[in-house]
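The block underneath contains the structure these notes are about, expressed in structure tokens.
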Amino acid sequence: MNPSDLPELLELAQLIQLAGPHLETRVLCEVTAGARRFPVQAFLLGSTRPDAPAVGFFGGVHGLERIGAQVAIAYLRSLVMRLAWDETLHRQLETMRLVFMPLVNPGGTWLGTRANPNGVDLMRNAPVESKERVPYLIGGQRISANLPWYRGTAGEPMECESAALCTLVETELLGRPLSVAVDCHSGFGLTDRIWFPYAHTARPIGHLAEMHALCEILDQSLLHHRYKLEPQSRQYLAHGDLWDHLYLGADHRPGSVFLPVTLEMGSWLWVKKNPRQLFSRHGIFNPVIEHRHQRVLRQHIAWLDFITRAVGSHERWLPAGTQRAHHEQQALARWYGRP
């Protein structure tokens with residue numbers, strides 16, 4: 001396949017050349033979209049020690065939301081270009097692992113669809129069933145691949161893209177002192193949100209204290225940021241969420257913390273500023289005007305770099321003992337309305 005078929009794949013091919021031996025590239029699987037065949041790739045930087053903290057950056061799970069893939073690729077590019085001169089970055093990479101899967105759904109990106117070429121919404125594809133009431137269709141459905149939010153056939157294996165993402169997380173992120181997965185999406189609301197599990201239930205996750213501590217250093221470090229950090233369940237519940245599936249399947253032994261978060265860029269703001277975008281499927285989920293597109297990339301790179309620094313310095317802020325209990329109490333009051 002010629003990578004120029006997709007601009008995102010072309011840029012990734014350029015970054016492979018620029019990074020040289022610093023960047024490990026893996027083809028996790030291949031997908032077919034019509035007459036085209038696309039690789040699903042992962043890119044890895046930094047320490048290979050299994051006890052090093054790690055961050056994973058994911059994008060393009062929904063093919064229509066190209067800005068998610070572009071944000072992840074923009075951050076990878078910034079790191080690759082810094083490798084030539086930034087001694088601090090090299091020292092950072094000696095002690096931590098960075099994992100990128102910036103285009104999870106290249107077939108859907110090529111077709112301009114939310115789902116993959118089989119019509120499956122990859123973020124509804126995991127074997128996680130909500131026992132609580134989920135919104136009709138949007139919470140995941142098995143009626144037809146011709147309708148949005150299709151989960152796939154019950155009992156069938158996950159789609160190859162979903163399975164590849166899960167295998168990458170299990171082999172590269174889980175079991176470390178701290179690992180964070182950042183999944184970049186767009187399309188919900190007027191505010192940029194950072195969602196954490198659960199999506200399938202309104203009950204809190206086991207690492208609520210650690211999530212609150214991360215939120216606290218974000219508020220202290222990126223003054224006047226525009227992110228709203230909250231559990232996804234505050235907005236809606238859904239079946240089949242990949243991050244719920246991976247969090248539930250992680251080995252949560254003492255000394256190992258896995259925090260998956262979703263960056264949900266508020267695309268309604270872009271539509272509000274340019275209502276003509278409503279007449280385009282691409283425009284509903286992506287900033288169309290060039291200066292706005294560049295501003296989105298600049299803004300979120302700063303947050304992704306914050307996450308990288310926070311994970312690399314986790315020993316300085318992860319709560320323990322009475323401090324952890326205090327953070328959990330604050331989190332329950334902040335996000336779940338509990339005294």
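Please note that chains go A, B, ... in the order of the structure tokens, that every chain numbers its residues from 1, and that ligands are numbered from 1 in the order shown.
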### Task
Mind checking which residues fall within 10 Å of Gly175 in chain A, counting only C-alpha atoms, ignoring those fewer than 2 positions away in the same chain, and posting them as JSON, numbers by chain?
{"A": [50, 51, 52, 53, 170, 171, 172, 173, 177, 178, 179, 250, 251, 252, 253, 255, 256, 257, 258]}
### Message
For range 320-333 of chain A, find every residue with an atom within 7 Å (counting only C-alpha atoms), except residues of its own chain fewer than 2 positions away, and show them as a PyMOL selection string.
### Response
chain A and resi 208-209+212-213+318+335-339
The selected residues should be written to file as a tab-separated table (two decimals), in the first residue's frame (atoms: N, CA and C atoms).
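In the end it all went to part21.tsv:
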```
chain	number	residue	atom	x	y	z
A	208	LEU	N	-9.86	5.65	42.10
A	208	LEU	CA	-10.45	6.99	42.11
A	208	LEU	C	-9.51	8.00	42.76
A	209	ALA	N	-8.81	7.59	43.82
A	209	ALA	CA	-7.89	8.51	44.51
A	209	ALA	C	-6.76	8.94	43.59
A	212	HIS	N	-8.03	11.42	41.07
A	212	HIS	CA	-8.22	12.74	41.66
A	212	HIS	C	-6.89	13.44	41.86
A	213	ALA	N	-5.86	12.70	42.28
A	213	ALA	CA	-4.54	13.30	42.45
A	213	ALA	C	-4.00	13.80	41.11
A	318	LEU	N	1.71	10.40	43.29
A	318	LEU	CA	0.73	9.33	43.53
A	318	LEU	C	0.46	9.22	45.03
A	335	TRP	N	-17.23	14.04	42.20
A	335	TRP	CA	-17.78	13.42	41.01
A	335	TRP	C	-19.03	12.57	41.25
A	336	TYR	N	-19.27	12.19	42.49
A	336	TYR	CA	-20.38	11.29	42.75
A	336	TYR	C	-21.36	11.84	43.79
A	337	GLY	N	-21.13	13.06	44.25
A	337	GLY	CA	-22.05	13.71	45.16
A	337	GLY	C	-22.16	13.06	46.51
A	338	ARG	N	-21.10	12.38	46.95
A	338	ARG	CA	-21.13	11.71	48.23
A	338	ARG	C	-20.40	12.56	49.28
A	339	PRO	N	-20.91	12.64	50.49
A	339	PRO	CA	-20.24	13.44	51.54
A	339	PRO	C	-18.95	12.79	51.99
```
### Message
Taking the DSSP secondary structure from the backbone, can you list the residues of range 94-189 of chain A that are strand (DSSP E or B), as a PyMOL selection string?
### Response
chain A and resi 97-101+141+150+178-186
Got time to write the residues from that selection, all heavy atoms, as a CSV table (one decimal), in the first residue's frame?
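again.csv written:
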```csv
chain,number,residue,atom,x,y,z
A,97,ARG,N,8.5,4.5,29.2
A,97,ARG,CA,8.1,4.0,27.9
A,97,ARG,C,6.9,4.8,27.3
A,97,ARG,O,6.0,5.1,28.0
A,97,ARG,CB,7.6,2.5,28.2
A,97,ARG,CG,7.2,1.7,26.9
A,97,ARG,CD,8.5,1.3,26.2
A,97,ARG,NE,8.3,0.1,25.4
A,97,ARG,CZ,9.1,-0.2,24.4
A,97,ARG,NH1,10.2,0.5,24.1
A,97,ARG,NH2,8.9,-1.3,23.7
A,98,LEU,N,7.0,5.1,26.0
A,98,LEU,CA,6.0,5.8,25.3
A,98,LEU,C,5.5,4.9,24.2
A,98,LEU,O,6.3,4.4,23.4
A,98,LEU,CB,6.5,7.2,24.8
A,98,LEU,CG,6.9,8.2,25.8
A,98,LEU,CD1,7.3,9.5,25.1
A,98,LEU,CD2,5.9,8.4,26.9
A,99,VAL,N,4.2,4.8,24.1
A,99,VAL,CA,3.6,3.9,23.1
A,99,VAL,C,2.5,4.7,22.3
A,99,VAL,O,1.7,5.4,22.9
A,99,VAL,CB,2.9,2.7,23.8
A,99,VAL,CG1,2.2,1.8,22.8
A,99,VAL,CG2,3.9,1.9,24.7
A,100,PHE,N,2.6,4.6,21.0
A,100,PHE,CA,1.7,5.3,20.2
A,100,PHE,C,0.9,4.4,19.3
A,100,PHE,O,1.6,3.5,18.6
A,100,PHE,CB,2.4,6.4,19.3
A,100,PHE,CG,2.8,7.6,20.0
A,100,PHE,CD1,4.0,7.6,20.8
A,100,PHE,CD2,2.1,8.8,20.0
A,100,PHE,CE1,4.5,8.7,21.4
A,100,PHE,CE2,2.5,9.9,20.7
A,100,PHE,CZ,3.7,9.8,21.4
A,101,MET,N,-0.4,4.5,19.2
A,101,MET,CA,-1.2,3.8,18.2
A,101,MET,C,-2.2,4.9,17.7
A,101,MET,O,-3.3,4.9,18.0
A,101,MET,CB,-2.0,2.6,18.8
A,101,MET,CG,-2.7,1.7,17.9
A,101,MET,SD,-3.5,0.3,18.7
A,101,MET,CE,-4.2,-0.5,17.4
A,141,GLN,N,-25.6,-1.1,20.1
A,141,GLN,CA,-26.7,-2.0,19.6
A,141,GLN,C,-26.2,-3.1,18.8
A,141,GLN,O,-25.1,-3.0,18.2
A,141,GLN,CB,-27.7,-1.1,18.9
A,141,GLN,CG,-27.1,-0.3,17.7
A,141,GLN,CD,-27.0,-1.1,16.4
A,141,GLN,OE1,-27.6,-2.1,16.2
A,141,GLN,NE2,-26.2,-0.6,15.4
A,150,TYR,N,-23.0,0.1,16.2
A,150,TYR,CA,-23.1,-1.4,16.1
A,150,TYR,C,-22.0,-2.0,16.9
A,150,TYR,O,-20.8,-1.7,16.7
A,150,TYR,CB,-23.2,-1.8,14.7
A,150,TYR,CG,-23.3,-3.3,14.5
A,150,TYR,CD1,-24.4,-4.0,15.0
A,150,TYR,CD2,-22.3,-4.0,13.8
A,150,TYR,CE1,-24.6,-5.3,14.8
A,150,TYR,CE2,-22.5,-5.4,13.5
A,150,TYR,CZ,-23.6,-6.0,14.1
A,150,TYR,OH,-23.7,-7.4,13.9
A,178,LEU,N,3.0,2.7,37.2
A,178,LEU,CA,1.9,3.6,36.7
A,178,LEU,C,1.9,3.6,35.2
A,178,LEU,O,3.0,3.7,34.6
A,178,LEU,CB,2.1,5.0,37.2
A,178,LEU,CG,1.0,6.0,36.6
A,178,LEU,CD1,-0.4,5.6,37.1
A,178,LEU,CD2,1.3,7.4,37.0
A,179,SER,N,0.8,3.4,34.6
A,179,SER,CA,0.6,3.5,33.2
A,179,SER,C,-0.7,4.3,32.9
A,179,SER,O,-1.7,4.1,33.6
A,179,SER,CB,0.6,2.2,32.4
A,179,SER,OG,-0.4,1.4,32.9
A,180,VAL,N,-0.6,5.2,32.0
A,180,VAL,CA,-1.8,6.0,31.6
A,180,VAL,C,-2.0,5.8,30.1
A,180,VAL,O,-1.1,5.8,29.3
A,180,VAL,CB,-1.6,7.5,31.9
A,180,VAL,CG1,-2.8,8.3,31.3
A,180,VAL,CG2,-1.5,7.7,33.4
A,181,ALA,N,-3.3,5.5,29.7
A,181,ALA,CA,-3.6,5.4,28.3
A,181,ALA,C,-4.5,6.7,27.9
A,181,ALA,O,-5.4,7.0,28.7
A,181,ALA,CB,-4.4,4.2,28.0
A,182,VAL,N,-4.1,7.4,26.9
A,182,VAL,CA,-4.9,8.6,26.5
A,182,VAL,C,-5.4,8.3,25.1
A,182,VAL,O,-4.7,8.0,24.1
A,182,VAL,CB,-3.9,9.8,26.4
A,182,VAL,CG1,-4.7,11.0,25.9
A,182,VAL,CG2,-3.3,10.1,27.7
A,183,ASP,N,-6.8,8.3,25.0
A,183,ASP,CA,-7.5,8.0,23.7
A,183,ASP,C,-8.1,9.3,23.2
A,183,ASP,O,-9.0,9.8,23.9
A,183,ASP,CB,-8.5,6.9,24.0
A,183,ASP,CG,-9.2,6.4,22.7
A,183,ASP,OD1,-8.7,6.7,21.6
A,183,ASP,OD2,-10.2,5.7,22.8
A,184,CYS,N,-7.7,9.7,22.0
A,184,CYS,CA,-8.1,11.1,21.5
A,184,CYS,C,-9.4,10.9,20.6
A,184,CYS,O,-9.3,10.3,19.6
A,184,CYS,CB,-7.0,11.7,20.8
A,184,CYS,SG,-5.5,12.0,21.8
A,185,HIS,N,-10.5,11.6,21.0
A,185,HIS,CA,-11.7,11.6,20.3
A,185,HIS,C,-12.2,13.0,20.1
A,185,HIS,O,-11.7,14.0,20.7
A,185,HIS,CB,-12.8,10.8,21.0
A,185,HIS,CG,-12.6,9.3,21.0
A,185,HIS,ND1,-13.3,8.4,20.2
A,185,HIS,CD2,-11.7,8.5,21.7
A,185,HIS,CE1,-12.9,7.2,20.5
A,185,HIS,NE2,-11.9,7.2,21.4
A,186,SER,N,-13.3,13.1,19.3
A,186,SER,CA,-14.0,14.4,19.2
A,186,SER,C,-15.5,14.2,19.0
A,186,SER,O,-15.9,13.1,18.7
A,186,SER,CB,-13.4,15.3,18.1
A,186,SER,OG,-13.8,14.7,16.8
```
#### Entry: All helix (DSSP H, G or I) residues (DSSP, backbone) inside range 9-258 of chain A, as a PyMOL selection string
chain A and resi 9-22+66-82+87-95+106-111+122-124+160-172+208-221+232-234+242-249
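Each of A:Glu290, A:Glu156, A:Glu132, A:Asp219 was checked against Phe306 in chain A using only C-alpha atoms; the smallest atom-to-atom distance is that of A:Asp219.
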### Task
Give me the residues within 8 Å of range 36-46 of chain A as a VMD selection string, counting only C-alpha atoms and dropping any in the same chain fewer than 2 places off.
chain A and resid 1 22 to 34 48 93 to 107 161
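With only C-alpha atoms as the basis for measurement, A:Ala74 is the residue among A:Val261, A:Leu9, A:Ala69, A:Ala74 that approaches Arg295 in chain A most closely.
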### Given only C-alpha atoms as the counted atoms, nearest of A:Arg66, A:Ile16, A:Gly240, A:Cys166 to Val80 in chain A
A:Ile16
### Message
Using only C-alpha atoms for the distances, tell me which of A:Glu8, A:Glu65, A:Glu210, A:Asp121 is nearest to Ala310 in chain A.
### Response
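When distances to Ala310 in chain A are compared using only C-alpha atoms, the smallest one comes from A:Glu210.
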### Task
Quick one: pull the distance between CA of Gln92 in chain A and CA of Ile301 in chain A, Å, one decimal.
17.1 Å
### Query
Of the residues A:Leu259, A:Ala72, A:Leu297, A:Leu122, which is the one nearest to Val311 in chain A, using only C-alpha atoms?
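Using only C-alpha atoms, the shortest distance to Val311 in chain A belongs to A:Leu259.
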